[in-house]
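Inspection log for the structure reproduced underneath, given as structure tokens.
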Amino acid sequence: MEDGFSSYSSLYDTSSLLQFCNDDSASAASSMEVTDRIASLEQRVQMQEDEIQLLKSALADVVRRLNLSEEQQAMGSRRGPTKDPALMRKSPSADSNVGKPARPMIATLPLRPTVNNGTILPKKGSTLPSPSGSGSRKDTSTTANKSLSSLSRTTRILYLPLSTVRRANSNEHVGTLTRKDSGDSKGNRTRAGSTGSNSSGKRSDSKQRDPVFNAEEGYVKMYLKGRPITMFMPKDQVDSYCLEARADLPSNKLKLDWVYGYRGRDCRSNLYLLPTGETVYFIASVVVLFNVDEQLQRHYTGHTDDIKCLAVHPDKITIATGQVAGTSSDGKQLAPHVRVWDSVSLNTLHVLGTGFFDRALVCLAFSKSNGGNTLCVVDDSNDHVLSVWDWQREDRLAEVKCSNESVFAADFHPTDSNIVVTCGKSHLYFWNLEKGMLVKKQGLFEKQEKPKFVLCVTFAENGDAITGDSSGNILVWGKGTNRISHVIQGAHEGSIFALCMLRNGTLVSGGKDRRLISWDSSYQQIQTVEVPELFGPIRTVAEGRGETVLIGTTKNFVLQGSLDGEFMSITQGHTDELWGLAVHPWKPHFLTCGYDRQVCLWDSSSHQLIWSKSMEDTAQSAGFHPSGAVVAIGTQTGRWLVLDTDSKDLVTVHTDGNEQLSVMRYGPDGNFLAIGSHDNYIYIYAVAENGRKYSRVGKCSGHSSFITHLDWSVDSQYLVSNSGDYEILYWIPSVCKQVVSVETTRDIEWATHTCTLGFQVFGLWPDGSDGTDINAVCRSNDKRLLVTGDDFGKVHLFAYPCSQFRAPSHFYGGHSSHVTNVTFLYNDSYLVSTGGKDMSVMQWRIV
């Protein structure tokens with residue numbers, strides 16, 4: 001060992017570094033020039049980096065020698081697994097290291113070197129030397145170059161014996177890529193499942209290591225974030241398994257059948273009725289065309305991220321929608337843009353502004369008087385750029401910085417396609433398009449108190465502009481002027497969010513006070529109707545059929561009703577992030593819950609809400625009792641409650657810990673409930689009286705990180721769990737004991753497969769995954785399909801079992817946020833997925 005240290009110390013003379021670090025010539029008090037001081041500091045920092053690099057390499061050699069020593073000991077004692085009960089009672093962290101070589105401690109070192117004041121320096125290449133020597137870095141310092149060059153050569157020589165030993169003594173077969181290192185010992189066959197590294201550092205090699213197949217022991221080892229995860233396969237598959245075999249695509253596909261929800265909380269003017277009888281609106285990255293009478297939905301799915309604005313052409317067929325900037329699954333930036341499309345064929349006609357717009361699109365409007373040939377757009381850049389487009393030629397006619405404050409609405413004048421009106425925080429602007437320039441006139445409030453926000457704008461039949469503001473006033477602006485001609489003072493209590501001019505000349509206003517007020521042509525009030533508090537403030541108003549109006553609310557309801565006060569909800573959804581999803585065991589029903597404290601039971605056949613219930617705590621998870629009589633809801637506070645499925649009445653409430661409960665899972669026989677918590681425990685309850693009586697059995701202790709997923713065996717005797725540090729552990733829940741025998745667990749038949757880690761599903765992980773990309777997994781009840789929801793808004797459909805590396809899949813967009821949960825209905829007729837921040841629930845038909 002001393003020889004190793006001496007060989008490293010000879011490479012670099014640390015005394016020069018100490019002398020240089022103690023030199024004060026580069027301080028602010030020095031007489032040196034600034035540029036010289038900077039150069040001196042850079043050289044000093046570089047020498048410190050090289051010293052750190054040297055220390056890491058020396059430590060790597062120490063760890064390498066320890067690994068080799070323990071490997072030889074393990075080879076000498078491979079006569080069978082230990083039967084020592086004392087060993088079996090060790091703590092999970094200790095148990096996870098039994099029979100395994102020491103994990104590379106080097107992984108726990110910081111990836112980015114720091115100087116004494118804590119400033120992080122930019123990372124230049126790998127901070128650890130790789131076996132190939134690629135870790136050496138190019139440098140301006142000749143001395144450092146020579147030292148590190150020698151260091152890389154030394155490291156390369158040191159690593160070779162270990163690799164040789166592993167190849168000579170292992171029956172493991174790797175995939176197509178070269179294996180980077182070996183951190184395995186067959187001694188760990190005494191422990192069921194995986195024992196991931198406790199190191200919190202990221203791996204130094206940039207390539208994802210391929211899985212390894214050990215034919216002798218019958219396991220596949222995969223790597224997530226550099227951590228090994230050992231997955232034992234059923235005995236009858238060991239002889240026939242081939243890691244290099246290619247998996248097939250599933251024979252089935254998915255088709256988007258229904259989208260639950262509407263985005264009214266933070267979007268405006270996004271609700272219209274088409275001549276086809278379809279109501280058009282959006283949520284996530286899907287535009288929904290909903291025929292209420294026929295209860296049919298069609299969907300435009302051309303967008304790749306959140307849609308924020310929508311406009312309907314005067315022909316009532318062509319539609320424009322604008323989306324935000326996003327990031328694809330491979331890290332590429334997706335530019336914000338406008339898509340113009342045909343609402344009959346759902347074909348995209350034009351894509352505008354890719355590379356021009358910034359962040360997102362917030363306002364869209366077609367011109368009215370010139371056949372709708374032009375489109376005005378406002379983006380969400382700092383200057384909120386207003387641009388006018390000849391959309392058919394995809395030609396930008398003019399652009400101008402609109403305002404450095406928020407812009408809420410933009411619209412063309414109905415009789416003059418050269419006039420655009422925009423409004424927002426502290427402004428109302430009248431723009432005139434002249435010779436490729438947009439010329440601004442500011443609205444003059446004069447004696448009228450200037451509101452903080454001008455929130456909406458529409459036009460009267462005579463060409464007057466009408467605005468609603470945050471002071472609750474409706475202001476009328478004379479045609480062709482920027483002055484107020486009429487004021488309706490205090491039209492609403494609080495902000496006016498929406499104005500709509502009906503065909504018969506009646507003006508309808510709606511606002512924060514939930515009132516819908518109609519006004520005649522001389523701005524006298526006709527009727528006032530208040531929307532029930534359940535639905536929330538009015539966000540947008542649109543003209544419906546005959547005397548009806550359509551209302552979008554800030555609580556994400558779409559209402560259909562009349563000015564007489566009869567309102568019916570035609571669409572509703574959640575108003576905050578969604579995580580909880582559970583399916584009824586024998587009915588076409590599913591339940592959702594989330595951070596909006598709402599629990600909703602849905603009928604997938606009628607697409608109707610059966611009931612909803614408000615809770616005190618934010619909800620995280622849910623699970624139905626096998627009888628279907630009750631459903632358990634887990635919250636973010638450690639409380640969990642059980643509701644009667646039919647009446648939504650509260651059956652019981654319990655508390656376990658004070659952290660979020662990620663999984664609520666009943667055993668197939670209905671006699672036990674397992675609760676996975678973020679406090680690293682699995683709480684087990686005995687269940688009686690058809691899910692109405694609960695008594696705590698105990699808690700399963702062994703995970704070193706939070707519980708992410710749970711599955712029960714078919715006979716309800718065993719439980720498998722995954723955790724945040726990629727462990728797979730097995731349990732006998734009736735006694736809360738961990739099962740460590742591989743021979744016991746490898747052939748267990750599981751009633752469900754929602755765990756993201758395991759031999760039957762490891763092929764779903766994409767190359768280069770960090771282990772958190774897949775949020776949810778579900779196996780179909782006929783055991784032919786596997787579906788996943790990922791962090792990139794995609795739902796993937798695989799064939800099951802999915803036990804070949806990088807298995808192919810069909811994948812589907814629609815969600816604009818991480819897909820938090822996926823599950824098949826009881827009869828596999830449909831699949832349901834929930835979006836996180838997009839707050840949507842999507843129902844997919846399996847075809």
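Following the order of the structure tokens, chains are lettered A, B, ..., residues in each are numbered from 1, and ligands are numbered from 1.
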Dump as CSV the rows for residues of segment 654-731 of chain A within 12 Å of segment 754-773 of chain A: closest atom pair and distance in Å with one decimal, only C-alpha atoms counted, ordered by chain and rising residue number.
```
residue,atom,partner,partner_atom,distance
A:Val663,CA,A:Thr754,CA,10.3
A:Met664,CA,A:Thr754,CA,11.9
A:Arg665,CA,A:Thr754,CA,10.5
A:Ile707,CA,A:Cys755,CA,10.5
A:Thr708,CA,A:Cys755,CA,8.0
A:His709,CA,A:Cys755,CA,5.1
A:Leu710,CA,A:Cys755,CA,6.1
A:Asp711,CA,A:Thr754,CA,6.4
A:Trp712,CA,A:Thr754,CA,9.8
A:Leu719,CA,A:Cys755,CA,10.9
A:Val720,CA,A:Cys755,CA,8.0
A:Ser721,CA,A:Cys755,CA,7.0
A:Asn722,CA,A:Cys755,CA,6.3
A:Ser723,CA,A:Leu757,CA,9.3
A:Gly724,CA,A:Thr772,CA,8.4
A:Asp725,CA,A:Gly771,CA,8.7
A:Tyr726,CA,A:Leu757,CA,7.4
A:Glu727,CA,A:Leu757,CA,8.2
A:Ile728,CA,A:Leu757,CA,7.0
A:Leu729,CA,A:Gly758,CA,10.3
A:Tyr730,CA,A:Gly758,CA,11.5
```
Any idea what's packed within 9 Å of Arg483 of chain A, counting only C-alpha atoms, ignoring anything in its chain fewer than 6 positions away? Could you give it as a short mmCIF file (atom, residue, chain, number, x, y, z; two decimals) with N, CA, C and O atoms, in the first residue's frame?
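Result file part-v8.cif:
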```cif
data_model
loop_
_atom_site.label_atom_id
_atom_site.label_comp_id
_atom_site.auth_asym_id
_atom_site.auth_seq_id
_atom_site.Cartn_x
_atom_site.Cartn_y
_atom_site.Cartn_z
N GLY A 443 -54.15 54.45 -24.47
CA GLY A 443 -55.48 54.82 -23.99
C GLY A 443 -55.37 55.85 -22.88
O GLY A 443 -54.61 55.66 -21.92
N LEU A 444 -56.13 56.95 -23.00
CA LEU A 444 -56.08 58.03 -22.02
C LEU A 444 -57.23 57.88 -21.03
O LEU A 444 -58.41 57.94 -21.40
N PHE A 445 -56.89 57.69 -19.76
CA PHE A 445 -57.93 57.50 -18.75
C PHE A 445 -58.43 58.85 -18.22
O PHE A 445 -59.52 58.91 -17.63
N GLU A 446 -57.66 59.89 -18.39
CA GLU A 446 -58.04 61.25 -18.02
C GLU A 446 -58.60 61.28 -16.59
O GLU A 446 -57.92 60.91 -15.65
N VAL A 476 -65.92 52.23 -22.12
CA VAL A 476 -66.18 52.23 -23.56
C VAL A 476 -65.29 53.29 -24.20
O VAL A 476 -65.26 54.45 -23.76
N TRP A 477 -64.59 52.90 -25.25
CA TRP A 477 -63.65 53.78 -25.94
C TRP A 477 -64.19 54.05 -27.34
O TRP A 477 -64.42 53.11 -28.12
#
```
Residue contacts of Met222 of chain A (9 Å, only C-alpha atoms) excluding same-chain residues fewer than 2 positions away, as a count of residues only: 14
Which of A:Val630, A:Cys736, A:Ala498, A:Leu59 sits closest to Arg692 of chain A [using only C-alpha atoms]: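 Looking only at the distances to Arg692 of chain A, the closest residue turns out to be A:Val630.
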Pick out the residues sitting within 10 Å of Asn827 of chain A, and hand them over as a PDB file with N, CA, C and O atoms, in the first residue's frame; count only C-alpha atoms, and ignore anything fewer than 2 positions along from it in its own chain.
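Result written to part-v6.pdb:
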```pdb
ATOM      1  N   PRO A 585     -62.099  -2.389  -8.726  1.00  0.00           N
ATOM      2  CA  PRO A 585     -61.744  -3.780  -9.066  1.00  0.00           C
ATOM      3  C   PRO A 585     -62.713  -4.482 -10.007  1.00  0.00           C
ATOM      4  O   PRO A 585     -62.337  -5.476 -10.636  1.00  0.00           O
ATOM      5  N   TRP A 586     -63.978  -3.994 -10.132  1.00  0.00           N
ATOM      6  CA  TRP A 586     -64.891  -4.703 -11.039  1.00  0.00           C
ATOM      7  C   TRP A 586     -65.894  -3.785 -11.737  1.00  0.00           C
ATOM      8  O   TRP A 586     -66.828  -4.261 -12.395  1.00  0.00           O
ATOM      9  N   LYS A 587     -65.705  -2.504 -11.642  1.00  0.00           N
ATOM     10  CA  LYS A 587     -66.546  -1.545 -12.361  1.00  0.00           C
ATOM     11  C   LYS A 587     -65.664  -0.659 -13.240  1.00  0.00           C
ATOM     12  O   LYS A 587     -64.476  -0.495 -12.950  1.00  0.00           O
ATOM     13  N   PRO A 588     -66.233  -0.042 -14.281  1.00  0.00           N
ATOM     14  CA  PRO A 588     -65.429   0.844 -15.150  1.00  0.00           C
ATOM     15  C   PRO A 588     -65.239   2.226 -14.523  1.00  0.00           C
ATOM     16  O   PRO A 588     -65.445   3.249 -15.168  1.00  0.00           O
ATOM     17  N   SER A 780     -50.905  -4.927 -17.561  1.00  0.00           N
ATOM     18  CA  SER A 780     -52.315  -5.198 -17.854  1.00  0.00           C
ATOM     19  C   SER A 780     -52.753  -6.461 -17.122  1.00  0.00           C
ATOM     20  O   SER A 780     -51.937  -7.315 -16.754  1.00  0.00           O
ATOM     21  N   ASN A 781     -54.039  -6.585 -16.931  1.00  0.00           N
ATOM     22  CA  ASN A 781     -54.564  -7.727 -16.176  1.00  0.00           C
ATOM     23  C   ASN A 781     -54.400  -9.040 -16.918  1.00  0.00           C
ATOM     24  O   ASN A 781     -54.331 -10.098 -16.294  1.00  0.00           O
ATOM     25  N   ASP A 782     -54.320  -8.974 -18.258  1.00  0.00           N
ATOM     26  CA  ASP A 782     -54.084 -10.198 -19.018  1.00  0.00           C
ATOM     27  C   ASP A 782     -52.594 -10.503 -19.156  1.00  0.00           C
ATOM     28  O   ASP A 782     -52.209 -11.453 -19.847  1.00  0.00           O
ATOM     29  N   PHE A 824     -54.326   0.405 -15.870  1.00  0.00           N
ATOM     30  CA  PHE A 824     -55.350  -0.189 -16.723  1.00  0.00           C
ATOM     31  C   PHE A 824     -56.643  -0.332 -15.920  1.00  0.00           C
ATOM     32  O   PHE A 824     -56.614  -0.593 -14.712  1.00  0.00           O
ATOM     33  N   LEU A 825     -57.781  -0.200 -16.596  1.00  0.00           N
ATOM     34  CA  LEU A 825     -59.059  -0.509 -15.953  1.00  0.00           C
ATOM     35  C   LEU A 825     -59.153  -2.012 -15.704  1.00  0.00           C
ATOM     36  O   LEU A 825     -58.378  -2.796 -16.253  1.00  0.00           O
ATOM     37  N   SER A 829     -59.899  -2.594 -20.902  1.00  0.00           N
ATOM     38  CA  SER A 829     -60.499  -1.924 -22.058  1.00  0.00           C
ATOM     39  C   SER A 829     -59.903  -0.541 -22.265  1.00  0.00           C
ATOM     40  O   SER A 829     -59.789  -0.073 -23.406  1.00  0.00           O
ATOM     41  N   TYR A 830     -59.521   0.089 -21.186  1.00  0.00           N
ATOM     42  CA  TYR A 830     -58.953   1.433 -21.254  1.00  0.00           C
ATOM     43  C   TYR A 830     -57.753   1.540 -20.330  1.00  0.00           C
ATOM     44  O   TYR A 830     -57.577   0.733 -19.407  1.00  0.00           O
ATOM     45  N   LEU A 831     -56.995   2.571 -20.589  1.00  0.00           N
ATOM     46  CA  LEU A 831     -55.863   2.937 -19.755  1.00  0.00           C
ATOM     47  C   LEU A 831     -56.078   4.378 -19.317  1.00  0.00           C
ATOM     48  O   LEU A 831     -56.551   5.200 -20.103  1.00  0.00           O
TER      49      LEU A 831
END
```
Residue with smallest distance to Val377 of chain A - pool A:Asn291, A:Ser713, A:Gln333, A:Thr321, counting only C-alpha atoms: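 Closest residue, counting only C-alpha atoms: A:Thr321.
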Å distance separating atom CA of Asn473 of chain A from atom CA of Gly490 of chain A, one decimal place: 5.0 Å
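Atom CA of His413 of chain A is positioned 8.8 Å from atom CA of Thr458 of chain A.
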Residue list (strand (DSSP E), DSSP) for segment 675-808 of chain A, as a PyMOL selection string: chain A and resi 675-677+682-688+693-700+707-712+719-723+728-732+737-739+774-779+785-790+795-799
Once you have the residues from the selection above, write them out as a compact mmCIF listing (two decimals), in the first residue's frame, restricted to N, CA and C atoms.
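Dumped everything to result_1.txt:
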```
# COMPACT_ATOMS: atom_id res chain seq x y z
N ILE A 675 -48.99 0.32 3.35
CA ILE A 675 -48.88 1.77 3.12
C ILE A 675 -47.40 2.12 3.03
N GLY A 676 -46.97 2.58 1.88
CA GLY A 676 -45.58 2.99 1.69
C GLY A 676 -45.40 4.46 1.97
N SER A 677 -44.47 4.79 2.88
CA SER A 677 -44.30 6.16 3.33
C SER A 677 -42.94 6.72 2.93
N ILE A 682 -42.84 0.74 5.65
CA ILE A 682 -44.08 0.23 5.07
C ILE A 682 -44.97 -0.17 6.25
N TYR A 683 -46.08 0.49 6.41
CA TYR A 683 -47.00 0.20 7.51
C TYR A 683 -48.01 -0.84 7.06
N ILE A 684 -48.21 -1.85 7.89
CA ILE A 684 -49.11 -2.96 7.58
C ILE A 684 -50.31 -2.93 8.54
N TYR A 685 -51.50 -2.99 7.96
CA TYR A 685 -52.74 -3.04 8.74
C TYR A 685 -53.53 -4.29 8.37
N ALA A 686 -54.08 -4.94 9.41
CA ALA A 686 -55.03 -6.02 9.18
C ALA A 686 -56.40 -5.40 8.90
N VAL A 687 -57.09 -5.94 7.92
CA VAL A 687 -58.36 -5.36 7.48
C VAL A 687 -59.48 -6.37 7.70
N ALA A 688 -60.59 -5.90 8.24
CA ALA A 688 -61.73 -6.77 8.49
C ALA A 688 -63.02 -6.05 8.07
N LYS A 693 -62.82 -2.09 9.03
CA LYS A 693 -62.15 -2.15 10.32
C LYS A 693 -60.66 -2.39 10.10
N TYR A 694 -59.82 -1.61 10.79
CA TYR A 694 -58.37 -1.67 10.58
C TYR A 694 -57.65 -1.76 11.92
N SER A 695 -56.67 -2.65 11.98
CA SER A 695 -55.82 -2.75 13.18
C SER A 695 -54.38 -2.90 12.72
N ARG A 696 -53.51 -2.11 13.33
CA ARG A 696 -52.13 -2.07 12.87
C ARG A 696 -51.37 -3.33 13.28
N VAL A 697 -50.71 -3.94 12.29
CA VAL A 697 -49.90 -5.13 12.54
C VAL A 697 -48.49 -4.73 12.92
N GLY A 698 -47.95 -3.74 12.24
CA GLY A 698 -46.59 -3.28 12.50
C GLY A 698 -46.07 -2.51 11.30
N LYS A 699 -44.75 -2.36 11.25
CA LYS A 699 -44.16 -1.68 10.11
C LYS A 699 -42.93 -2.44 9.63
N CYS A 700 -42.77 -2.46 8.33
CA CYS A 700 -41.62 -3.13 7.72
C CYS A 700 -40.47 -2.13 7.65
N ILE A 707 -40.22 4.98 0.27
CA ILE A 707 -40.89 3.93 -0.51
C ILE A 707 -41.55 4.57 -1.74
N THR A 708 -41.36 3.92 -2.88
CA THR A 708 -41.95 4.46 -4.12
C THR A 708 -43.07 3.59 -4.67
N HIS A 709 -42.91 2.26 -4.59
CA HIS A 709 -43.91 1.36 -5.20
C HIS A 709 -44.02 0.07 -4.38
N LEU A 710 -45.19 -0.54 -4.42
CA LEU A 710 -45.46 -1.79 -3.72
C LEU A 710 -46.29 -2.71 -4.60
N ASP A 711 -46.06 -4.03 -4.49
CA ASP A 711 -46.91 -5.03 -5.13
C ASP A 711 -47.07 -6.23 -4.20
N TRP A 712 -48.27 -6.82 -4.26
CA TRP A 712 -48.58 -8.02 -3.48
C TRP A 712 -48.46 -9.26 -4.35
N LEU A 719 -44.85 -9.38 -0.18
CA LEU A 719 -44.90 -8.01 -0.65
C LEU A 719 -43.53 -7.67 -1.23
N VAL A 720 -43.50 -6.96 -2.35
CA VAL A 720 -42.24 -6.47 -2.90
C VAL A 720 -42.30 -4.95 -2.92
N SER A 721 -41.18 -4.30 -2.63
CA SER A 721 -41.17 -2.84 -2.56
C SER A 721 -39.96 -2.27 -3.27
N ASN A 722 -40.13 -1.08 -3.81
CA ASN A 722 -39.02 -0.29 -4.37
C ASN A 722 -38.86 0.97 -3.53
N SER A 723 -37.65 1.52 -3.55
CA SER A 723 -37.40 2.73 -2.78
C SER A 723 -36.65 3.75 -3.62
N ILE A 728 -34.69 -3.12 -4.13
CA ILE A 728 -35.83 -4.03 -4.25
C ILE A 728 -35.78 -4.94 -3.03
N LEU A 729 -36.80 -4.86 -2.19
CA LEU A 729 -36.84 -5.70 -1.00
C LEU A 729 -38.14 -6.49 -0.98
N TYR A 730 -38.09 -7.66 -0.30
CA TYR A 730 -39.24 -8.55 -0.21
C TYR A 730 -39.62 -8.74 1.26
N TRP A 731 -40.93 -8.96 1.50
CA TRP A 731 -41.44 -8.98 2.87
C TRP A 731 -42.52 -10.05 3.05
N ILE A 732 -42.61 -10.52 4.30
CA ILE A 732 -43.80 -11.26 4.74
C ILE A 732 -44.61 -10.27 5.56
N LYS A 737 -41.65 -9.00 8.38
CA LYS A 737 -40.28 -9.48 8.30
C LYS A 737 -39.79 -9.45 6.86
N GLN A 738 -38.50 -9.11 6.72
CA GLN A 738 -37.91 -9.10 5.38
C GLN A 738 -37.51 -10.50 4.97
N VAL A 739 -37.71 -10.82 3.70
CA VAL A 739 -37.31 -12.11 3.15
C VAL A 739 -36.00 -11.89 2.41
N ILE A 774 -38.91 7.44 -14.77
CA ILE A 774 -40.15 6.68 -14.84
C ILE A 774 -40.89 6.83 -13.52
N ASN A 775 -42.07 7.43 -13.58
CA ASN A 775 -42.84 7.68 -12.35
C ASN A 775 -43.79 6.54 -12.00
N ALA A 776 -44.31 5.86 -13.01
CA ALA A 776 -45.33 4.85 -12.74
C ALA A 776 -45.28 3.76 -13.81
N VAL A 777 -45.64 2.55 -13.38
CA VAL A 777 -45.68 1.38 -14.25
C VAL A 777 -46.94 0.61 -13.91
N CYS A 778 -47.54 -0.01 -14.92
CA CYS A 778 -48.69 -0.88 -14.64
C CYS A 778 -48.73 -2.00 -15.68
N ARG A 779 -48.90 -3.21 -15.21
CA ARG A 779 -49.07 -4.36 -16.10
C ARG A 779 -50.55 -4.58 -16.34
N LEU A 785 -49.38 -6.61 -21.63
CA LEU A 785 -48.92 -5.25 -21.88
C LEU A 785 -48.36 -4.62 -20.61
N LEU A 786 -47.48 -3.65 -20.82
CA LEU A 786 -46.91 -2.89 -19.72
C LEU A 786 -46.91 -1.43 -20.14
N VAL A 787 -47.39 -0.57 -19.28
CA VAL A 787 -47.45 0.86 -19.61
C VAL A 787 -46.65 1.65 -18.59
N THR A 788 -46.02 2.72 -19.05
CA THR A 788 -45.26 3.57 -18.14
C THR A 788 -45.62 5.03 -18.37
N GLY A 789 -45.44 5.83 -17.33
CA GLY A 789 -45.57 7.28 -17.43
C GLY A 789 -44.25 7.90 -17.03
N ASP A 790 -43.73 8.85 -17.85
CA ASP A 790 -42.39 9.36 -17.58
C ASP A 790 -42.37 10.86 -17.33
N VAL A 795 -46.54 8.67 -22.47
CA VAL A 795 -47.05 7.38 -22.03
C VAL A 795 -46.48 6.33 -22.99
N HIS A 796 -45.77 5.36 -22.45
CA HIS A 796 -45.14 4.32 -23.27
C HIS A 796 -45.88 3.00 -23.09
N LEU A 797 -46.07 2.28 -24.20
CA LEU A 797 -46.71 0.97 -24.16
C LEU A 797 -45.70 -0.08 -24.61
N PHE A 798 -45.39 -1.03 -23.71
CA PHE A 798 -44.44 -2.11 -23.98
C PHE A 798 -45.18 -3.45 -24.00
N ALA A 799 -44.54 -4.45 -24.59
CA ALA A 799 -45.00 -5.82 -24.43
C ALA A 799 -44.52 -6.33 -23.08
```
What are the closest atom pairs, with distances in Å to one decimal, for all residues of segment 464-581 of chain A lying within 10 Å of segment 414-424 of chain A? Consider only C-alpha atoms, order rows by chain and residue number, and present the result as CSV.
```
residue,atom,partner,partner_atom,distance
A:Asp464,CA,A:Pro414,CA,9.6
A:Ala465,CA,A:Val421,CA,8.5
A:Thr467,CA,A:Cys423,CA,8.6
A:Gly468,CA,A:Cys423,CA,9.8
A:Asp469,CA,A:Gly424,CA,9.1
A:Gly480,CA,A:Ile419,CA,9.0
```
Dump of C-alpha atoms for the selected residues, as a PDB file, in the first residue's frame:
```
ATOM      1  CA  ASP A 464     -66.323  51.065 -30.010  1.00  0.00           C
ATOM      2  CA  ALA A 465     -63.794  49.185 -27.922  1.00  0.00           C
ATOM      3  CA  THR A 467     -62.662  46.994 -21.681  1.00  0.00           C
ATOM      4  CA  GLY A 468     -63.042  45.384 -18.272  1.00  0.00           C
ATOM      5  CA  ASP A 469     -60.530  46.055 -15.524  1.00  0.00           C
ATOM      6  CA  GLY A 480     -61.019  55.454 -33.809  1.00  0.00           C
TER       7      GLY A 480
END
```
Spatial neighbours of Pro537 of chain A, 12 Å, only C-alpha atoms, chain gap at least 4 places, as a PyMOL selection string: chain A and resi 264-266+492-498+509-516+530-533+541+551-559
With C-alpha atoms kept, could you save the residues just selected as a compact mmCIF listing (two decimals), in the first residue's frame?
```
# COMPACT_ATOMS: atom_id res chain seq x y z
CA GLY A 264 -59.15 28.07 -16.93
CA ARG A 265 -57.10 28.82 -13.87
CA ASP A 266 -54.45 30.84 -15.68
CA HIS A 492 -68.67 44.17 -10.79
CA GLU A 493 -67.28 43.75 -7.31
CA GLY A 494 -63.66 43.09 -8.12
CA SER A 495 -61.93 42.21 -11.36
CA ILE A 496 -63.80 41.74 -14.63
CA PHE A 497 -62.15 38.78 -16.35
CA ALA A 498 -64.37 38.37 -19.41
CA SER A 509 -69.56 40.44 -18.50
CA GLY A 510 -68.19 38.01 -15.92
CA GLY A 511 -65.68 38.35 -13.13
CA LYS A 512 -64.16 37.47 -9.85
CA ASP A 513 -67.48 38.02 -8.04
CA ARG A 514 -68.87 34.99 -9.99
CA ARG A 515 -71.59 37.21 -11.45
CA LEU A 516 -72.70 37.04 -15.05
CA GLU A 530 -74.45 34.40 -9.85
CA VAL A 531 -72.51 31.23 -10.60
CA PRO A 532 -72.43 28.84 -7.59
CA GLU A 533 -69.31 29.06 -5.45
CA VAL A 541 -67.50 33.76 -21.57
CA ILE A 551 -68.48 29.84 -19.22
CA GLY A 552 -64.98 28.79 -18.26
CA THR A 553 -64.06 29.23 -14.60
CA THR A 554 -60.85 29.57 -12.61
CA LYS A 555 -61.63 26.24 -10.92
CA ASN A 556 -61.34 24.58 -14.34
CA PHE A 557 -65.04 24.02 -14.98
CA VAL A 558 -66.73 24.54 -18.33
CA LEU A 559 -70.38 25.46 -17.76
```
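Among A:Val549, A:Leu334, A:Leu54, A:Leu661, the residue with the shortest atom-to-atom distance to Asp679 of chain A, counting only C-alpha atoms, is A:Leu661.
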